[in-house]
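What follows is my_file-v7.pdb (PDB, C-alpha atoms, pLDDT in the B column).
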```
ATOM      1  CA  MET A 191     -96.558 -69.619-181.838  1.00 61.00           C
ATOM      2  CA  ALA A 192     -99.228 -72.318-181.747  1.00 82.00           C
ATOM      3  CA  VAL A 193    -102.672 -71.705-180.325  1.00 90.00           C
ATOM      4  CA  ALA A 194    -103.282 -73.539-177.049  1.00 92.00           C
ATOM      5  CA  ARG A 195    -106.303 -73.375-174.788  1.00 95.00           C
ATOM      6  CA  ARG A 196    -105.258 -72.369-171.298  1.00 95.00           C
ATOM      7  CA  SER A 197    -108.541 -73.096-169.519  1.00 96.00           C
ATOM      8  CA  THR A 198    -112.312 -72.649-169.641  1.00 96.00           C
ATOM      9  CA  VAL A 199    -114.791 -71.812-166.911  1.00 96.00           C
ATOM     10  CA  SER A 200    -118.582 -71.536-166.784  1.00 95.00           C
ATOM     11  CA  SER A 201    -120.839 -69.413-164.599  1.00 94.00           C
ATOM     12  CA  SER A 202    -124.603 -69.577-164.120  1.00 92.00           C
ATOM     13  CA  PHE A 203    -126.878 -66.902-162.695  1.00 93.00           C
ATOM     14  CA  ALA A 204    -130.355 -67.799-161.449  1.00 90.00           C
ATOM     15  CA  SER A 205    -131.232 -64.100-161.254  1.00 89.00           C
ATOM     16  CA  GLY A 206    -130.169 -63.332-164.829  1.00 91.00           C
ATOM     17  CA  SER A 207    -127.134 -61.209-163.955  1.00 93.00           C
ATOM     18  CA  GLY A 208    -123.751 -61.432-162.251  1.00 95.00           C
ATOM     19  CA  ASN A 209    -120.001 -61.398-162.814  1.00 96.00           C
ATOM     20  CA  ALA A 210    -118.573 -64.162-164.996  1.00 96.00           C
ATOM     21  CA  SER A 211    -115.456 -65.880-163.652  1.00 95.00           C
ATOM     22  CA  TRP A 212    -112.015 -65.622-165.250  1.00 97.00           C
ATOM     23  CA  PRO A 213    -110.490 -68.945-166.395  1.00 96.00           C
ATOM     24  CA  ALA A 214    -107.761 -70.354-164.163  1.00 95.00           C
ATOM     25  CA  GLY A 215    -104.360 -68.914-165.047  1.00 95.00           C
ATOM     26  CA  ALA A 216    -105.703 -66.247-167.438  1.00 96.00           C
ATOM     27  CA  ALA A 217    -102.955 -63.684-168.002  1.00 96.00           C
ATOM     28  CA  ALA A 218    -102.089 -60.582-169.993  1.00 95.00           C
ATOM     29  CA  GLY A 219    -101.628 -61.445-173.667  1.00 94.00           C
ATOM     30  CA  ASP A 220    -104.191 -64.265-173.679  1.00 96.00           C
ATOM     31  CA  LEU A 221    -107.012 -64.119-176.199  1.00 97.00           C
ATOM     32  CA  VAL A 222    -110.224 -64.558-174.218  1.00 97.00           C
ATOM     33  CA  VAL A 223    -113.660 -65.453-175.597  1.00 97.00           C
ATOM     34  CA  VAL A 224    -116.745 -64.764-173.479  1.00 96.00           C
ATOM     35  CA  SER A 225    -120.081 -66.306-174.548  1.00 93.00           C
ATOM     36  CA  VAL A 226    -123.241 -65.356-172.686  1.00 92.00           C
ATOM     37  CA  MET A 227    -126.737 -66.838-172.980  1.00 89.00           C
ATOM     38  CA  GLY A 228    -130.053 -65.407-171.847  1.00 88.00           C
ATOM     39  CA  ALA A 229    -133.734 -66.240-172.208  1.00 82.00           C
ATOM     40  CA  ALA A 230    -135.517 -66.320-175.573  1.00 74.00           C
ATOM     41  CA  ASP A 231    -136.844 -62.763-175.259  1.00 75.00           C
ATOM     42  CA  ARG A 232    -133.841 -61.210-173.458  1.00 77.00           C
ATOM     43  CA  ARG A 233    -130.605 -60.571-175.324  1.00 82.00           C
ATOM     44  CA  ALA A 234    -127.718 -61.543-173.090  1.00 88.00           C
ATOM     45  CA  GLU A 235    -124.908 -59.025-172.751  1.00 92.00           C
ATOM     46  CA  MET A 236    -121.509 -58.524-171.168  1.00 93.00           C
ATOM     47  CA  THR A 237    -121.069 -54.908-170.135  1.00 93.00           C
ATOM     48  CA  ALA A 238    -117.291 -54.685-169.579  1.00 93.00           C
ATOM     49  CA  PRO A 239    -115.886 -52.099-172.041  1.00 91.00           C
ATOM     50  CA  GLY A 240    -113.430 -52.733-174.846  1.00 92.00           C
ATOM     51  CA  TRP A 241    -114.633 -56.160-176.006  1.00 95.00           C
ATOM     52  CA  ALA A 242    -115.424 -56.960-179.655  1.00 93.00           C
ATOM     53  CA  VAL A 243    -118.872 -58.523-180.106  1.00 92.00           C
ATOM     54  CA  MET A 244    -119.419 -61.318-182.620  1.00 86.00           C
ATOM     55  CA  ALA A 245    -122.310 -63.345-184.014  1.00 66.00           C
ATOM     56  CA  PRO A 246    -125.191 -62.265-181.792  1.00 69.00           C
ATOM     57  CA  THR A 247    -128.317 -64.431-181.965  1.00 74.00           C
ATOM     58  CA  PRO A 248    -131.744 -63.547-180.478  1.00 76.00           C
ATOM     59  CA  SER A 249    -130.617 -64.583-176.998  1.00 78.00           C
ATOM     60  CA  THR A 250    -126.819 -64.995-177.095  1.00 82.00           C
ATOM     61  CA  ARG A 251    -123.723 -62.919-177.642  1.00 89.00           C
ATOM     62  CA  SER A 252    -120.023 -63.722-177.735  1.00 92.00           C
ATOM     63  CA  TYR A 253    -117.140 -61.318-177.179  1.00 95.00           C
ATOM     64  CA  TRP A 254    -113.352 -61.454-177.530  1.00 96.00           C
ATOM     65  CA  ARG A 255    -110.211 -59.463-176.901  1.00 95.00           C
ATOM     66  CA  VAL A 256    -106.511 -59.924-176.191  1.00 95.00           C
ATOM     67  CA  VAL A 257    -106.543 -59.107-172.502  1.00 95.00           C
ATOM     68  CA  THR A 258    -104.277 -56.925-170.394  1.00 95.00           C
ATOM     69  CA  ALA A 259    -103.263 -57.298-166.756  1.00 95.00           C
ATOM     70  CA  ALA A 260    -105.868 -54.649-165.901  1.00 94.00           C
ATOM     71  CA  ASP A 261    -108.566 -56.709-167.640  1.00 95.00           C
ATOM     72  CA  VAL A 262    -107.726 -59.836-165.673  1.00 95.00           C
ATOM     73  CA  ALA A 263    -107.709 -57.870-162.427  1.00 95.00           C
ATOM     74  CA  GLY A 264    -111.209 -56.547-163.181  1.00 95.00           C
ATOM     75  CA  THR A 265    -114.664 -58.081-163.488  1.00 95.00           C
ATOM     76  CA  LEU A 266    -116.804 -59.416-166.333  1.00 96.00           C
ATOM     77  CA  PRO A 267    -120.299 -58.078-165.539  1.00 96.00           C
ATOM     78  CA  CYS A 268    -123.171 -59.749-167.380  1.00 95.00           C
ATOM     79  CA  VAL A 269    -126.816 -58.695-167.650  1.00 93.00           C
ATOM     80  CA  ARG A 270    -129.861 -60.582-168.971  1.00 91.00           C
ATOM     81  CA  THR A 271    -127.549 -63.586-168.692  1.00 93.00           C
ATOM     82  CA  TYR A 272    -128.151 -67.029-167.208  1.00 92.00           C
ATOM     83  CA  VAL A 273    -125.083 -68.874-168.472  1.00 92.00           C
ATOM     84  CA  ALA A 274    -121.582 -67.581-169.317  1.00 94.00           C
ATOM     85  CA  PHE A 275    -118.577 -69.449-170.739  1.00 95.00           C
ATOM     86  CA  VAL A 276    -115.118 -67.844-170.624  1.00 97.00           C
ATOM     87  CA  THR A 277    -112.169 -69.415-172.476  1.00 96.00           C
ATOM     88  CA  ALA A 278    -108.547 -68.242-172.512  1.00 97.00           C
ATOM     89  CA  TYR A 279    -106.055 -69.099-175.283  1.00 96.00           C
ATOM     90  CA  THR A 280    -102.305 -68.602-175.393  1.00 94.00           C
ATOM     91  CA  GLY A 281    -100.493 -67.953-178.674  1.00 92.00           C
ATOM     92  CA  ALA A 282    -103.631 -66.473-180.263  1.00 94.00           C
ATOM     93  CA  GLY A 283    -103.836 -63.040-181.838  1.00 91.00           C
ATOM     94  CA  ARG A 284    -107.323 -62.658-183.233  1.00 92.00           C
ATOM     95  CA  VAL A 285    -110.642 -64.274-184.093  1.00 92.00           C
ATOM     96  CA  GLY A 286    -110.971 -65.205-187.765  1.00 90.00           C
ATOM     97  CA  ALA A 287    -114.045 -66.780-189.328  1.00 87.00           C
ATOM     98  CA  VAL A 288    -117.326 -66.720-187.401  1.00 87.00           C
ATOM     99  CA  ALA A 289    -120.311 -68.896-188.354  1.00 82.00           C
ATOM    100  CA  ASP A 290    -123.892 -69.248-187.132  1.00 79.00           C
ATOM    101  CA  LEU A 291    -124.196 -73.017-187.156  1.00 78.00           C
ATOM    102  CA  GLY A 292    -127.938 -73.519-186.834  1.00 69.00           C
ATOM    103  CA  ASN A 293    -128.597 -77.176-187.610  1.00 68.00           C
ATOM    104  CA  GLN A 294    -128.249 -77.333-191.391  1.00 69.00           C
ATOM    105  CA  ASN A 295    -124.889 -78.355-192.891  1.00 70.00           C
ATOM    106  CA  PRO A 296    -122.953 -76.761-190.023  1.00 76.00           C
ATOM    107  CA  GLY A 297    -119.288 -75.919-190.206  1.00 79.00           C
ATOM    108  CA  CYS A 298    -116.697 -73.170-190.189  1.00 83.00           C
ATOM    109  CA  THR A 299    -114.597 -71.679-192.975  1.00 83.00           C
ATOM    110  CA  THR A 300    -111.084 -71.463-191.579  1.00 88.00           C
ATOM    111  CA  THR A 301    -108.798 -68.662-192.731  1.00 87.00           C
ATOM    112  CA  SER A 302    -105.512 -69.890-191.290  1.00 86.00           C
ATOM    113  CA  PRO A 303    -103.961 -73.358-190.969  1.00 84.00           C
ATOM    114  CA  ASN A 304    -103.440 -74.742-187.484  1.00 82.00           C
ATOM    115  CA  SER A 305    -106.157 -72.567-186.010  1.00 89.00           C
ATOM    116  CA  VAL A 306    -108.649 -73.777-183.408  1.00 91.00           C
ATOM    117  CA  ILE A 307    -112.431 -73.714-183.756  1.00 91.00           C
ATOM    118  CA  LEU A 308    -114.386 -72.972-180.586  1.00 91.00           C
ATOM    119  CA  ILE A 309    -118.038 -74.033-180.807  1.00 88.00           C
ATOM    120  CA  LEU A 310    -120.887 -72.773-178.652  1.00 86.00           C
ATOM    121  CA  GLY A 311    -123.879 -75.126-178.598  1.00 81.00           C
ATOM    122  CA  ARG A 312    -127.333 -74.404-177.241  1.00 73.00           C
ATOM    123  CA  GLY A 313    -130.243 -76.777-176.957  1.00 63.00           C
ATOM    124  CA  LYS A 314    -129.934 -80.512-177.553  1.00 65.00           C
ATOM    125  CA  SER A 315    -126.547 -80.621-179.215  1.00 65.00           C
ATOM    126  CA  ALA A 316    -124.275 -83.439-180.256  1.00 70.00           C
ATOM    127  CA  LEU A 317    -121.107 -82.851-182.216  1.00 71.00           C
ATOM    128  CA  THR A 318    -118.772 -85.133-184.160  1.00 67.00           C
ATOM    129  CA  PRO A 319    -115.743 -85.471-184.136  1.00 62.00           C
ATOM    130  CA  ALA A 320    -116.143 -86.987-180.703  1.00 61.00           C
ATOM    131  CA  GLY A 321    -113.860 -85.969-177.892  1.00 63.00           C
ATOM    132  CA  GLY A 322    -114.058 -82.277-178.663  1.00 81.00           C
ATOM    133  CA  LYS A 323    -116.391 -81.377-175.818  1.00 85.00           C
ATOM    134  CA  ILE A 324    -114.462 -79.213-173.371  1.00 88.00           C
ATOM    135  CA  LEU A 325    -117.233 -77.880-171.153  1.00 82.00           C
ATOM    136  CA  GLY A 326    -120.927 -78.404-171.247  1.00 74.00           C
ATOM    137  CA  ASP A 327    -124.250 -79.397-169.772  1.00 82.00           C
ATOM    138  CA  VAL A 328    -124.629 -76.060-168.013  1.00 87.00           C
ATOM    139  CA  THR A 329    -128.333 -75.442-167.433  1.00 84.00           C
ATOM    140  CA  ASN A 330    -129.989 -72.190-168.488  1.00 85.00           C
ATOM    141  CA  SER A 331    -132.548 -71.832-165.719  1.00 85.00           C
ATOM    142  CA  GLY A 332    -134.049 -68.767-167.399  1.00 83.00           C
ATOM    143  CA  TYR A 333    -134.970 -70.553-170.623  1.00 80.00           C
ATOM    144  CA  SER A 334    -136.700 -73.923-170.238  1.00 81.00           C
ATOM    145  CA  ASN A 335    -133.646 -75.386-168.447  1.00 84.00           C
ATOM    146  CA  ARG A 336    -131.902 -75.868-171.780  1.00 81.00           C
ATOM    147  CA  LYS A 337    -128.385 -77.251-171.801  1.00 83.00           C
ATOM    148  CA  ASN A 338    -125.372 -75.313-173.049  1.00 84.00           C
ATOM    149  CA  ALA A 339    -121.978 -76.662-174.051  1.00 86.00           C
ATOM    150  CA  LEU A 340    -118.609 -75.837-175.603  1.00 88.00           C
ATOM    151  CA  TRP A 341    -116.563 -77.891-178.066  1.00 87.00           C
ATOM    152  CA  GLU A 342    -113.135 -77.365-179.598  1.00 89.00           C
ATOM    153  CA  VAL A 343    -111.892 -78.699-182.934  1.00 87.00           C
ATOM    154  CA  ALA A 344    -108.377 -78.350-184.354  1.00 87.00           C
ATOM    155  CA  ALA A 345    -108.388 -77.099-187.959  1.00 86.00           C
ATOM    156  CA  THR A 346    -105.308 -78.069-189.951  1.00 83.00           C
ATOM    157  CA  THR A 347    -106.301 -76.748-193.382  1.00 84.00           C
ATOM    158  CA  VAL A 348    -107.710 -73.542-194.847  1.00 89.00           C
ATOM    159  CA  GLY A 349    -111.244 -73.803-196.180  1.00 87.00           C
ATOM    160  CA  TRP A 350    -114.546 -75.385-195.194  1.00 87.00           C
ATOM    161  CA  TYR A 351    -114.411 -77.558-192.097  1.00 84.00           C
ATOM    162  CA  GLY A 352    -117.633 -79.526-191.713  1.00 80.00           C
ATOM    163  CA  LEU A 353    -119.029 -80.395-188.295  1.00 78.00           C
ATOM    164  CA  THR A 354    -121.202 -83.505-188.444  1.00 75.00           C
ATOM    165  CA  ASN A 355    -124.013 -84.832-186.247  1.00 71.00           C
ATOM    166  CA  PHE A 356    -124.836 -81.395-184.916  1.00 70.00           C
ATOM    167  CA  ASN A 357    -128.316 -80.507-183.668  1.00 63.00           C
ATOM    168  CA  GLY A 358    -128.667 -77.133-182.041  1.00 63.00           C
ATOM    169  CA  THR A 359    -130.190 -73.669-182.210  1.00 66.00           C
ATOM    170  CA  ASP A 360    -128.528 -70.318-181.610  1.00 71.00           C
ATOM    171  CA  SER A 361    -125.162 -72.033-181.923  1.00 80.00           C
ATOM    172  CA  ASP A 362    -121.964 -70.494-183.257  1.00 84.00           C
ATOM    173  CA  SER A 363    -118.353 -71.291-184.097  1.00 87.00           C
ATOM    174  CA  PHE A 364    -115.355 -68.994-183.765  1.00 90.00           C
ATOM    175  CA  GLU A 365    -111.950 -69.512-185.363  1.00 93.00           C
ATOM    176  CA  ILE A 366    -109.091 -68.728-182.973  1.00 94.00           C
ATOM    177  CA  VAL A 367    -106.060 -67.695-185.059  1.00 93.00           C
ATOM    178  CA  ALA A 368    -102.427 -67.823-183.951  1.00 90.00           C
ATOM    179  CA  SER A 369    -100.435 -64.637-183.373  1.00 87.00           C
ATOM    180  CA  GLU A 370     -98.472 -63.582-186.412  1.00 73.00           C
ATOM    181  CA  ALA A 371     -95.982 -60.812-187.047  1.00 61.00           C
ATOM    182  CA  PRO A 372     -96.619 -58.424-189.963  1.00 59.00           C
ATOM    183  CA  ALA A 373     -94.601 -58.892-193.107  1.00 65.00           C
ATOM    184  CA  ALA A 374     -91.422 -56.805-193.254  1.00 70.00           C
ATOM    185  CA  PRO A 375     -92.070 -53.339-194.727  1.00 75.00           C
ATOM    186  CA  GLN A 376     -90.828 -52.616-198.237  1.00 77.00           C
ATOM    187  CA  VAL A 377     -88.554 -49.543-198.351  1.00 81.00           C
ATOM    188  CA  THR A 378     -89.613 -47.141-201.124  1.00 82.00           C
ATOM    189  CA  ALA A 379     -87.284 -44.195-200.406  1.00 84.00           C
ATOM    190  CA  PRO A 380     -84.464 -43.752-200.897  1.00 85.00           C
ATOM    191  CA  ALA A 381     -84.753 -45.830-204.057  1.00 82.00           C
ATOM    192  CA  SER A 382     -82.401 -48.695-204.727  1.00 79.00           C
ATOM    193  CA  GLY A 383     -79.058 -47.385-206.027  1.00 78.00           C
ATOM    194  CA  SER A 384     -79.625 -43.832-204.802  1.00 81.00           C
ATOM    195  CA  THR A 385     -76.759 -41.685-203.585  1.00 83.00           C
ATOM    196  CA  VAL A 386     -77.332 -40.049-200.223  1.00 80.00           C
ATOM    197  CA  SER A 387     -75.444 -37.340-198.371  1.00 82.00           C
ATOM    198  CA  ALA A 388     -73.699 -38.196-195.129  1.00 82.00           C
ATOM    199  CA  SER A 389     -74.228 -34.620-193.914  1.00 84.00           C
ATOM    200  CA  ALA A 390     -77.944 -34.295-194.611  1.00 83.00           C
ATOM    201  CA  ALA A 391     -81.039 -35.774-193.015  1.00 85.00           C
ATOM    202  CA  LEU A 392     -82.166 -38.964-194.696  1.00 82.00           C
ATOM    203  CA  ALA A 393     -85.895 -39.236-195.446  1.00 83.00           C
ATOM    204  CA  LEU A 394     -87.230 -42.770-195.336  1.00 83.00           C
ATOM    205  CA  ALA A 395     -90.503 -44.099-196.743  1.00 84.00           C
ATOM    206  CA  TRP A 396     -91.871 -47.616-196.715  1.00 78.00           C
ATOM    207  CA  LEU A 397     -94.868 -49.670-197.778  1.00 76.00           C
ATOM    208  CA  HIS A 398     -96.910 -51.220-194.986  1.00 69.00           C
ATOM    209  CA  ARG A 399     -97.289 -54.898-195.919  1.00 59.00           C
ATOM    210  CA  SER A 400     -99.113 -56.347-192.913  1.00 54.00           C
ATOM    211  CA  THR A 401    -102.084 -58.492-193.936  1.00 48.00           C
ATOM    212  CA  ARG A 402    -103.608 -57.817-190.521  1.00 46.00           C
ATOM    213  CA  GLY A 403    -104.001 -54.074-191.002  1.00 46.00           C
ATOM    214  CA  GLY A 404    -103.348 -51.485-188.336  1.00 49.00           C
ATOM    215  CA  THR A 405    -100.472 -49.041-188.022  1.00 52.00           C
ATOM    216  CA  GLN A 406     -96.845 -49.816-188.727  1.00 51.00           C
ATOM    217  CA  GLU A 407     -94.445 -47.300-187.195  1.00 52.00           C
ATOM    218  CA  ALA A 408     -90.711 -46.639-186.904  1.00 48.00           C
ATOM    219  CA  VAL A 409     -89.238 -46.341-183.411  1.00 40.00           C
TER     220      VAL A 409
END
```
Encoding of this model in structure tokens:
Amino acid sequence: MAVARRSTVSSSFASGSGNASWPAGAAAGDLVVVSVMGAADRRAEMTAPGWAVMAPTPSTRSYWRVVTAADVAGTLPCVRTYVAFVTAYTGAGRVGAVADLGNQNPGCTTTSPNSVILILGRGKSALTPAGGKILGDVTNSGYSNRKNALWEVAATTVGWYGLTNFNGTDSDSFEIVASEAPAAPQVTAPASGSTVSASAALALAWLHRSTRGGTQEAV
């Protein structure tokens, strides 16, 4: 299944805390990325449980998870936060490569073809290729009224994907990888050519061959 962005929404909090909004149409099974930005001396956080944190900078954090119906029915509480971006993707199963872009030779190393790169930009940012800006110019009132923006770039090859004409600080990129089934298990017992009894229990053993890790079980 191909990765497709469902929608993106931004929230801003003059007081430095509040509940971020869910993107329109967000549903169980979507992969959702939440990026929160605070002031220079206050690390922004999202306090909802069960989210994986990635690439924190001195004043930003981003989180992701494949959401459930209970998640979408709940809230996304943020503290020490002035700006929050929330993006939902369909057909995505995990986040792959994560990069702190800074402003020197920025880019992302993709791990899977046909993935999508989501880019969080803070400060005075401009990104090429053009046309990738999906949401931006949200003002961080808690930190010098700096602008914040999101871009999205389709990555069609595995390897280094350079992002040109980028000027930003505390800026990150996240590879959104399509859902993929684990490889079929390799049966190790009974061995090939073995004779088994029709009247006795048959013990099975197999080699877990998923490149994504986790537990592979019989049902």
Given the file shown, enumerate the residues that the PyMOL selection byres ((chain A and resi 296) around 9) captures and present them as a VMD selection string. chain A and resid 289 to 295 297 to 298 351 to 356
Go through A:Glu370, A:Arg196, A:Glu365, A:Ser202 one by one, measure the shortest atom-to-atom distance of each to Thr299 in chain A using only C-alpha atoms, and give the residue with the smallest value.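 Checking each of A:Glu370, A:Arg196, A:Glu365, A:Ser202 against Thr299 in chain A, counting only C-alpha atoms, the winner is A:Glu365.
Take CA of Val276 in chain A and CA of Leu340 in chain A: the distance between them is 10.0 Å.
The closest residue to Ala339 in chain A, picked from A:Met244, A:Leu397, A:Ile324, A:Val257 and counting all atoms listed in the file, is A:Ile324.
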CA of Pro267 in chain A to CA of Ser331 in chain A: how many Å, to one decimal?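 These atoms are spaced 18.4 Å apart.
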Counting only C-alpha atoms, write as a PyMOL selection string all protein and nucleic acid residues lying at most 9 Å from (-131.2, -60.4, -173.9) in the file's frame. chain A and resi 227-235+248-251+269-271
Kindly resolve the PyMOL selection byres ((chain A and resi 379) around 6) on the present coordinates and return the residues as a PyMOL selection string. chain A and resi 377-378+380-381+394-395
As AutoDock Vina command-line options: centre and edge lengths in Å, one decimal, of the axis-aligned box holding range 331-337 of chain A with 3 Å per side:
```
--center_x -132.5 --center_y -73.0 --center_z -168.8 --size_x 14.3 --size_y 14.5 --size_z 12.1
```
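Closest approach to Gly332 in chain A from the set A:Val273, A:Ser200, A:Thr280, A:Leu392 is made by A:Val273, with distances taken over all atoms listed in the file.
Minimum atom-to-atom distances from A:Val285, A:Leu325, A:Met236, A:Ala274 to Thr198 in chain A were compared using only C-alpha atoms, and the lowest value belongs to A:Leu325.
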Using only C-alpha atoms, can you tell me which of A:Gly322, A:Pro375, A:Gly311, A:Pro303 comes closest to Gly349 in chain A?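 Closest to Gly349 in chain A, using only C-alpha atoms: A:Pro303.
If all atoms listed in the file are the atoms counted, then among A:Ile307, A:Cys268, A:Ile366, A:Asp327 the closest residue to Arg255 in chain A is A:Ile366.
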note - CA of Gly206 in chain A and CA of Lys323 in chain A are separated by 25.2 Å
For Thr258 in chain A, please output as number ranges by chain all residues within 9 Å (counting all atoms listed in the file; exclusion window: fewer than 6 positions along the same chain). A: 217-220
What's around Trp254 in chain A at 12 Å? Count only C-alpha atoms, leave out sequence neighbours fewer than 6 positions away in its own chain, and write the answer as a PyMOL selection string. chain A and resi 220-226+236+238-245+261+266+275-279+282-286+288+308+364-366
